[in-house]
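Chemist: Quick one: structure below, then a few questions.
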Amino acid sequence: MELATTLKGQTVRNAVREVGINPNYWYAVGWANQLKPGEIMPVTIWQEAIAVYRDTMGQLHALEDACPHKGVALHKGIVQGENLACRYHGWEFDGAGNCVSIPYLPAGQKLPCATAKSYPIQEKYNIIWIFPGDSALAESKQIPDIVEFDNPDWFMAPVTGKMGAHFSICNENSMDVFHGFLHENLQGWFDPILKSLRETDNTVCAEYDVSYKGTMAKWLGLSDDAKEVTTRTISVQYRYPHYYSNLEGVSTLYLMRLPVSPTQSRSFALFFFKIRLPQWLPQIGKRLLQQFLEKFVFMRFLNQDIEMMETEQQTYLKNPQRRYVEINPAIIAIQRLIVRQSEEGNGARAR
């Protein structure tokens, strides 16, 4: 549905700061290359603690982070072959969560009916994905299609974010191109104009005209002269629960949102730039460039955003009844979508 782009004041729906997630989607929880065989990683998807482990054969598994015996956190355990053993008494659970061994029972004795909840899990694009909802729906749902991945014409830079704010606040920040004022000292964008806005049951798509100037714009290939002002169109899409944005084929961003709790969120982002590095550049050179961009470019922008988002969260917690006025219709559309998806998720759980 096409929406009006007129900037008019509307009252923010405070309920959006309290809603949960629709669990029937794939959520990114970590970088795959950071979890080695035999290692365990604790993650949380909307207050649901999960122990992710890679068995000695390299296969990923995800179990509820609570041993059925005593409730001890399974991420404190030990990987033994294909199984995960609780650190307390050594009870072993396979990838499906079934108890397959208790070390102090005689051989052949029947094991108790003790099962840890398991979750569909996969790795793609060097990201670990978990489906926390109805496992029967996992195969029918798709993770984002990242077409630039492994394409030599695009340079990729991964970035991790951790925000002390509800995911709705974080999502609004990602859709809100009007906050370029915040980044002016970093040669961000300016003079944004909302050109178009569309909404479906699970997406909000906005297009903005934005202006750039400076060495950053020149490095990105937006202009030949750092002093020159150039105007380009950026497309920002919230494809619940993740983001995609494109700057006229010059750069693209895939931002995977991980809602952790009502006041904590994380993100796993992949930035792509249309710069082809020399073939002779060794892999270590590419990694050094990735690290440089993450630390000295992206994190500088992100840290400014995080400061604003966390301030917004703290103000809300002090007075949840406080009223706010929003004039960007894209933000109002985002709020509608988040509330709608939360209600859909609650309905699915009720059934």
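Each chain in the structure tokens gets a letter, A, B and so on, in the order shown; residues start at 1 in every chain, and ligands are counted from 1 in the order they appear.
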Extract, using only C-alpha atoms, all DNA, RNA and protein residues at most 12 Å from Glu184 of chain A, discarding same-chain residues fewer than 3 positions from it, and format them as number ranges by chain.

Modeler: A: 178-181, 187-191, 211-214, 216, 300-301, 304

Chemist: Taking N, CA, C and O atoms for each residue, export the selection above as a PDB file, in the first residue's frame.

Modeler:
ATOM      1  N   PHE A 178      16.238  11.085   8.552  1.00  0.00           N
ATOM      2  CA  PHE A 178      16.263  12.493   8.949  1.00  0.00           C
ATOM      3  C   PHE A 178      17.255  12.796  10.071  1.00  0.00           C
ATOM      4  O   PHE A 178      17.485  13.960  10.379  1.00  0.00           O
ATOM      5  N   HIS A 179      17.841  11.773  10.675  1.00  0.00           N
ATOM      6  CA  HIS A 179      18.771  12.054  11.772  1.00  0.00           C
ATOM      7  C   HIS A 179      20.212  12.244  11.305  1.00  0.00           C
ATOM      8  O   HIS A 179      21.155  12.186  12.096  1.00  0.00           O
ATOM      9  N   GLY A 180      20.405  12.548  10.020  1.00  0.00           N
ATOM     10  CA  GLY A 180      21.741  12.851   9.523  1.00  0.00           C
ATOM     11  C   GLY A 180      22.386  14.018  10.253  1.00  0.00           C
ATOM     12  O   GLY A 180      23.615  14.142  10.288  1.00  0.00           O
ATOM     13  N   PHE A 181      21.555  14.884  10.843  1.00  0.00           N
ATOM     14  CA  PHE A 181      22.051  16.010  11.650  1.00  0.00           C
ATOM     15  C   PHE A 181      22.991  15.518  12.746  1.00  0.00           C
ATOM     16  O   PHE A 181      23.968  16.186  13.092  1.00  0.00           O
ATOM     17  N   GLN A 187      30.833  13.763   8.472  1.00  0.00           N
ATOM     18  CA  GLN A 187      30.541  13.908   7.044  1.00  0.00           C
ATOM     19  C   GLN A 187      29.453  12.934   6.617  1.00  0.00           C
ATOM     20  O   GLN A 187      29.586  12.201   5.635  1.00  0.00           O
ATOM     21  N   GLY A 188      28.375  12.929   7.393  1.00  0.00           N
ATOM     22  CA  GLY A 188      27.231  12.106   7.040  1.00  0.00           C
ATOM     23  C   GLY A 188      26.424  12.758   5.935  1.00  0.00           C
ATOM     24  O   GLY A 188      26.934  13.534   5.135  1.00  0.00           O
ATOM     25  N   TRP A 189      25.153  12.466   5.894  1.00  0.00           N
ATOM     26  CA  TRP A 189      24.278  12.991   4.855  1.00  0.00           C
ATOM     27  C   TRP A 189      23.525  14.204   5.386  1.00  0.00           C
ATOM     28  O   TRP A 189      23.474  14.465   6.578  1.00  0.00           O
ATOM     29  N   PHE A 190      22.884  14.952   4.465  1.00  0.00           N
ATOM     30  CA  PHE A 190      22.114  16.114   4.876  1.00  0.00           C
ATOM     31  C   PHE A 190      21.002  16.390   3.863  1.00  0.00           C
ATOM     32  O   PHE A 190      20.959  15.787   2.793  1.00  0.00           O
ATOM     33  N   ASP A 191      20.080  17.294   4.225  1.00  0.00           N
ATOM     34  CA  ASP A 191      18.936  17.693   3.392  1.00  0.00           C
ATOM     35  C   ASP A 191      18.125  16.504   2.868  1.00  0.00           C
ATOM     36  O   ASP A 191      17.868  16.389   1.662  1.00  0.00           O
ATOM     37  N   SER A 211      21.677  14.273   0.382  1.00  0.00           N
ATOM     38  CA  SER A 211      22.842  14.952  -0.167  1.00  0.00           C
ATOM     39  C   SER A 211      24.100  14.569   0.613  1.00  0.00           C
ATOM     40  O   SER A 211      24.038  14.323   1.820  1.00  0.00           O
ATOM     41  N   TYR A 212      25.226  14.534  -0.110  1.00  0.00           N
ATOM     42  CA  TYR A 212      26.509  14.155   0.478  1.00  0.00           C
ATOM     43  C   TYR A 212      27.578  15.146   0.041  1.00  0.00           C
ATOM     44  O   TYR A 212      27.488  15.758  -1.026  1.00  0.00           O
ATOM     45  N   LYS A 213      28.607  15.253   0.879  1.00  0.00           N
ATOM     46  CA  LYS A 213      29.727  16.118   0.573  1.00  0.00           C
ATOM     47  C   LYS A 213      30.906  15.705   1.450  1.00  0.00           C
ATOM     48  O   LYS A 213      30.720  15.303   2.592  1.00  0.00           O
ATOM     49  N   GLY A 214      32.133  15.790   0.927  1.00  0.00           N
ATOM     50  CA  GLY A 214      33.296  15.505   1.747  1.00  0.00           C
ATOM     51  C   GLY A 214      34.091  14.311   1.258  1.00  0.00           C
ATOM     52  O   GLY A 214      33.771  13.682   0.244  1.00  0.00           O
ATOM     53  N   MET A 216      34.388  11.364   2.569  1.00  0.00           N
ATOM     54  CA  MET A 216      33.659  10.106   2.631  1.00  0.00           C
ATOM     55  C   MET A 216      32.861   9.878   1.357  1.00  0.00           C
ATOM     56  O   MET A 216      32.849   8.783   0.791  1.00  0.00           O
ATOM     57  N   ARG A 300      32.019   4.630  14.682  1.00  0.00           N
ATOM     58  CA  ARG A 300      31.874   6.030  15.060  1.00  0.00           C
ATOM     59  C   ARG A 300      30.448   6.506  14.790  1.00  0.00           C
ATOM     60  O   ARG A 300      29.851   7.214  15.612  1.00  0.00           O
ATOM     61  N   PHE A 301      29.900   6.128  13.647  1.00  0.00           N
ATOM     62  CA  PHE A 301      28.500   6.448  13.352  1.00  0.00           C
ATOM     63  C   PHE A 301      27.582   5.727  14.337  1.00  0.00           C
ATOM     64  O   PHE A 301      26.669   6.326  14.928  1.00  0.00           O
ATOM     65  N   GLN A 304      27.354   7.007  17.943  1.00  0.00           N
ATOM     66  CA  GLN A 304      26.508   8.196  18.063  1.00  0.00           C
ATOM     67  C   GLN A 304      25.035   7.800  18.117  1.00  0.00           C
ATOM     68  O   GLN A 304      24.255   8.329  18.905  1.00  0.00           O
TER      69      GLN A 304
END

Chemist: Considering only C-alpha atoms, return as a PDB file with C-alpha atoms, in the first residue's frame whatever protein or nucleic-acid residues lie within 6 Å of segment 123-139 of chain A, sequence-local ones (same chain, fewer than 5 positions apart) excluded.

Modeler:
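Dumped everything to around-v2.pdb:
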ATOM      1  CA  PRO A  23       9.149 -15.680  16.827  1.00  0.00           C
ATOM      2  CA  ASN A  24       8.283 -17.287  13.496  1.00  0.00           C
ATOM      3  CA  TYR A  25      11.269 -15.796  11.671  1.00  0.00           C
ATOM      4  CA  TRP A  26      14.968 -16.606  11.458  1.00  0.00           C
ATOM      5  CA  TYR A  27      17.034 -14.437  13.826  1.00  0.00           C
ATOM      6  CA  ALA A  28      20.788 -13.842  13.583  1.00  0.00           C
ATOM      7  CA  VAL A  29      22.577 -14.626  16.867  1.00  0.00           C
ATOM      8  CA  GLY A  30      26.303 -14.535  16.088  1.00  0.00           C
ATOM      9  CA  TRP A  31      29.145 -14.838  13.592  1.00  0.00           C
ATOM     10  CA  ALA A  32      29.705 -18.432  12.489  1.00  0.00           C
TER      11      ALA A  32
END

Chemist: Can you measure atom CA of Phe273 of chain A to atom CA of Met156 of chain A for me? One decimal in Å is fine.

Modeler: 6.6 Å

Chemist: Show me, as a PDB file with N, CA, C and O atoms, in the first residue's frame, the residues that have an atom within 10 Å of Gly81 of chain A when counting only C-alpha atoms, minus same-chain residues fewer than 6 positions from it.

Modeler:
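And here is the file that came out, selection-v3.pdb:
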ATOM      1  N   PRO A  37      34.647 -25.770  16.540  1.00  0.00           N
ATOM      2  CA  PRO A  37      34.212 -27.092  17.005  1.00  0.00           C
ATOM      3  C   PRO A  37      34.572 -27.309  18.473  1.00  0.00           C
ATOM      4  O   PRO A  37      35.681 -27.000  18.905  1.00  0.00           O
ATOM      5  N   GLY A  38      33.598 -27.803  19.236  1.00  0.00           N
ATOM      6  CA  GLY A  38      33.810 -28.048  20.653  1.00  0.00           C
ATOM      7  C   GLY A  38      33.488 -26.862  21.536  1.00  0.00           C
ATOM      8  O   GLY A  38      33.606 -26.961  22.766  1.00  0.00           O
ATOM      9  N   ARG A  54      28.824 -26.045  18.713  1.00  0.00           N
ATOM     10  CA  ARG A  54      29.302 -26.705  17.496  1.00  0.00           C
ATOM     11  C   ARG A  54      29.975 -28.000  17.926  1.00  0.00           C
ATOM     12  O   ARG A  54      30.941 -27.981  18.706  1.00  0.00           O
ATOM     13  N   ASP A  55      29.442 -29.133  17.461  1.00  0.00           N
ATOM     14  CA  ASP A  55      30.005 -30.410  17.890  1.00  0.00           C
ATOM     15  C   ASP A  55      31.378 -30.635  17.255  1.00  0.00           C
ATOM     16  O   ASP A  55      31.847 -29.833  16.448  1.00  0.00           O
ATOM     17  N   THR A  56      32.025 -31.719  17.635  1.00  0.00           N
ATOM     18  CA  THR A  56      33.397 -31.951  17.192  1.00  0.00           C
ATOM     19  C   THR A  56      33.484 -32.229  15.687  1.00  0.00           C
ATOM     20  O   THR A  56      34.573 -32.194  15.116  1.00  0.00           O
ATOM     21  N   MET A  57      32.335 -32.501  15.049  1.00  0.00           N
ATOM     22  CA  MET A  57      32.299 -32.680  13.604  1.00  0.00           C
ATOM     23  C   MET A  57      32.007 -31.363  12.882  1.00  0.00           C
ATOM     24  O   MET A  57      31.960 -31.319  11.654  1.00  0.00           O
ATOM     25  N   GLY A  58      31.761 -30.289  13.650  1.00  0.00           N
ATOM     26  CA  GLY A  58      31.514 -28.983  13.052  1.00  0.00           C
ATOM     27  C   GLY A  58      30.057 -28.635  12.871  1.00  0.00           C
ATOM     28  O   GLY A  58      29.744 -27.547  12.387  1.00  0.00           O
ATOM     29  N   ASP A  94      21.722 -34.887  23.107  1.00  0.00           N
ATOM     30  CA  ASP A  94      22.094 -34.813  21.696  1.00  0.00           C
ATOM     31  C   ASP A  94      21.531 -33.540  21.070  1.00  0.00           C
ATOM     32  O   ASP A  94      20.900 -32.730  21.755  1.00  0.00           O
TER      33      ASP A  94
END

Chemist: Pick out the residues sitting within 7 Å of Ile45 of chain A, and hand them over as a PDB file with N, CA, C and O atoms, in the first residue's frame; count only C-alpha atoms, and ignore anything fewer than 4 positions along from it in its own chain.

Modeler:
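Full text of part38.pdb as output:
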ATOM      1  N   ALA A  49      16.713 -17.891  26.720  1.00  0.00           N
ATOM      2  CA  ALA A  49      18.128 -18.247  26.761  1.00  0.00           C
ATOM      3  C   ALA A  49      18.377 -19.543  26.003  1.00  0.00           C
ATOM      4  O   ALA A  49      17.698 -20.548  26.224  1.00  0.00           O
ATOM      5  N   LEU A 258      18.606  -8.470  16.421  1.00  0.00           N
ATOM      6  CA  LEU A 258      18.372  -9.497  17.437  1.00  0.00           C
ATOM      7  C   LEU A 258      17.764  -8.843  18.675  1.00  0.00           C
ATOM      8  O   LEU A 258      18.483  -8.230  19.473  1.00  0.00           O
ATOM      9  N   PRO A 259      16.441  -8.947  18.875  1.00  0.00           N
ATOM     10  CA  PRO A 259      15.826  -8.449  20.114  1.00  0.00           C
ATOM     11  C   PRO A 259      16.198  -9.375  21.268  1.00  0.00           C
ATOM     12  O   PRO A 259      15.953 -10.578  21.212  1.00  0.00           O
ATOM     13  N   VAL A 260      16.815  -8.830  22.307  1.00  0.00           N
ATOM     14  CA  VAL A 260      17.284  -9.622  23.431  1.00  0.00           C
ATOM     15  C   VAL A 260      16.314  -9.563  24.605  1.00  0.00           C
ATOM     16  O   VAL A 260      15.937 -10.588  25.176  1.00  0.00           O
TER      17      VAL A 260
END

Chemist: Counting only C-alpha atoms, what are the residues of segment 164-229 of chain A within 8 Å of segment 326-330 of chain A, and for each of them which pair of atoms is the nearest and at what distance in Å, to one decimal? Sort the table by chain and rising number, as CSV.

Modeler:
residue,atom,partner,partner_atom,distance
A:Met175,CA,A:Ala330,CA,7.1
A:Asp176,CA,A:Ala330,CA,7.5
A:Leu197,CA,A:Ala330,CA,6.8
A:Val204,CA,A:Ala330,CA,7.5
A:Ala206,CA,A:Ala330,CA,6.9

Chemist: Would you mind exporting the chosen residues as a PDB file, in the first residue's frame, restricted to C-alpha atoms?

Modeler:
ATOM      1  CA  MET A 175      14.516   3.767   9.102  1.00  0.00           C
ATOM      2  CA  ASP A 176      14.925   7.426  10.100  1.00  0.00           C
ATOM      3  CA  LEU A 197       6.622   5.161   1.304  1.00  0.00           C
ATOM      4  CA  VAL A 204       7.922  -0.919   5.172  1.00  0.00           C
ATOM      5  CA  ALA A 206      10.932   4.151   2.040  1.00  0.00           C
TER       6      ALA A 206
END

Chemist: Could you pull out the residues in segment 98-194 of chain A that DSSP calls strand (DSSP E) from the backbone, as a list in words?

Modeler: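 Of segment 98-194 of chain A, the ones in strand (DSSP E) are Cys99, Val100, Ser101, Ile121, Gln122, Glu123, Lys124, Ile127, Ile128, Trp129, Ile130, Phe155, Met156, Ala157, Pro158, Val159, Thr160, Gly161, Lys162, Met163, Phe190, Asp191, Pro192, Ile193 and Leu194 of chain A.
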
Chemist: Take the residues that were just selected and, keeping C-alpha atoms, output them as a PDB file, in the first residue's frame.

Modeler:
ATOM      1  CA  CYS A  99      19.130 -37.221  27.175  1.00  0.00           C
ATOM      2  CA  VAL A 100      21.424 -39.936  25.823  1.00  0.00           C
ATOM      3  CA  SER A 101      23.762 -40.601  28.748  1.00  0.00           C
ATOM      4  CA  ILE A 121      19.565 -23.664  13.440  1.00  0.00           C
ATOM      5  CA  GLN A 122      21.653 -22.995  10.342  1.00  0.00           C
ATOM      6  CA  GLU A 123      24.654 -20.996   9.248  1.00  0.00           C
ATOM      7  CA  LYS A 124      24.766 -18.892   6.113  1.00  0.00           C
ATOM      8  CA  ILE A 127      26.021 -15.857  10.378  1.00  0.00           C
ATOM      9  CA  ILE A 128      24.377 -18.281  12.806  1.00  0.00           C
ATOM     10  CA  TRP A 129      20.587 -18.208  12.483  1.00  0.00           C
ATOM     11  CA  ILE A 130      17.998 -19.627  14.914  1.00  0.00           C
ATOM     12  CA  PHE A 155      33.842  -5.332  -0.703  1.00  0.00           C
ATOM     13  CA  MET A 156      32.184  -6.537   2.502  1.00  0.00           C
ATOM     14  CA  ALA A 157      32.626  -5.229   6.041  1.00  0.00           C
ATOM     15  CA  PRO A 158      30.860  -6.912   9.008  1.00  0.00           C
ATOM     16  CA  VAL A 159      29.835  -4.822  12.024  1.00  0.00           C
ATOM     17  CA  THR A 160      28.363  -5.872  15.380  1.00  0.00           C
ATOM     18  CA  GLY A 161      26.204  -3.589  17.506  1.00  0.00           C
ATOM     19  CA  LYS A 162      24.946  -3.788  21.079  1.00  0.00           C
ATOM     20  CA  MET A 163      22.249  -1.345  22.186  1.00  0.00           C
ATOM     21  CA  PHE A 190      22.114  16.114   4.876  1.00  0.00           C
ATOM     22  CA  ASP A 191      18.936  17.693   3.392  1.00  0.00           C
ATOM     23  CA  PRO A 192      16.930  14.422   3.267  1.00  0.00           C
ATOM     24  CA  ILE A 193      13.586  14.334   1.458  1.00  0.00           C
ATOM     25  CA  LEU A 194      11.147  11.436   1.830  1.00  0.00           C
TER      26      LEU A 194
END

Chemist: With distances taken over only C-alpha atoms, which residue among A:Thr115, A:Gln313, A:Thr200, A:Gln321 lies nearest His166 of chain A?

Modeler: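 Of all the options, A:Gln313 lies closest to His166 of chain A.
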
Chemist: Rank A:Ile146, A:Ala85, A:Ala51, A:Ile306 by their smallest atom-to-atom distance to Ser265 of chain A, using only C-alpha atoms, and report the top residue only.

Modeler: A:Ile306
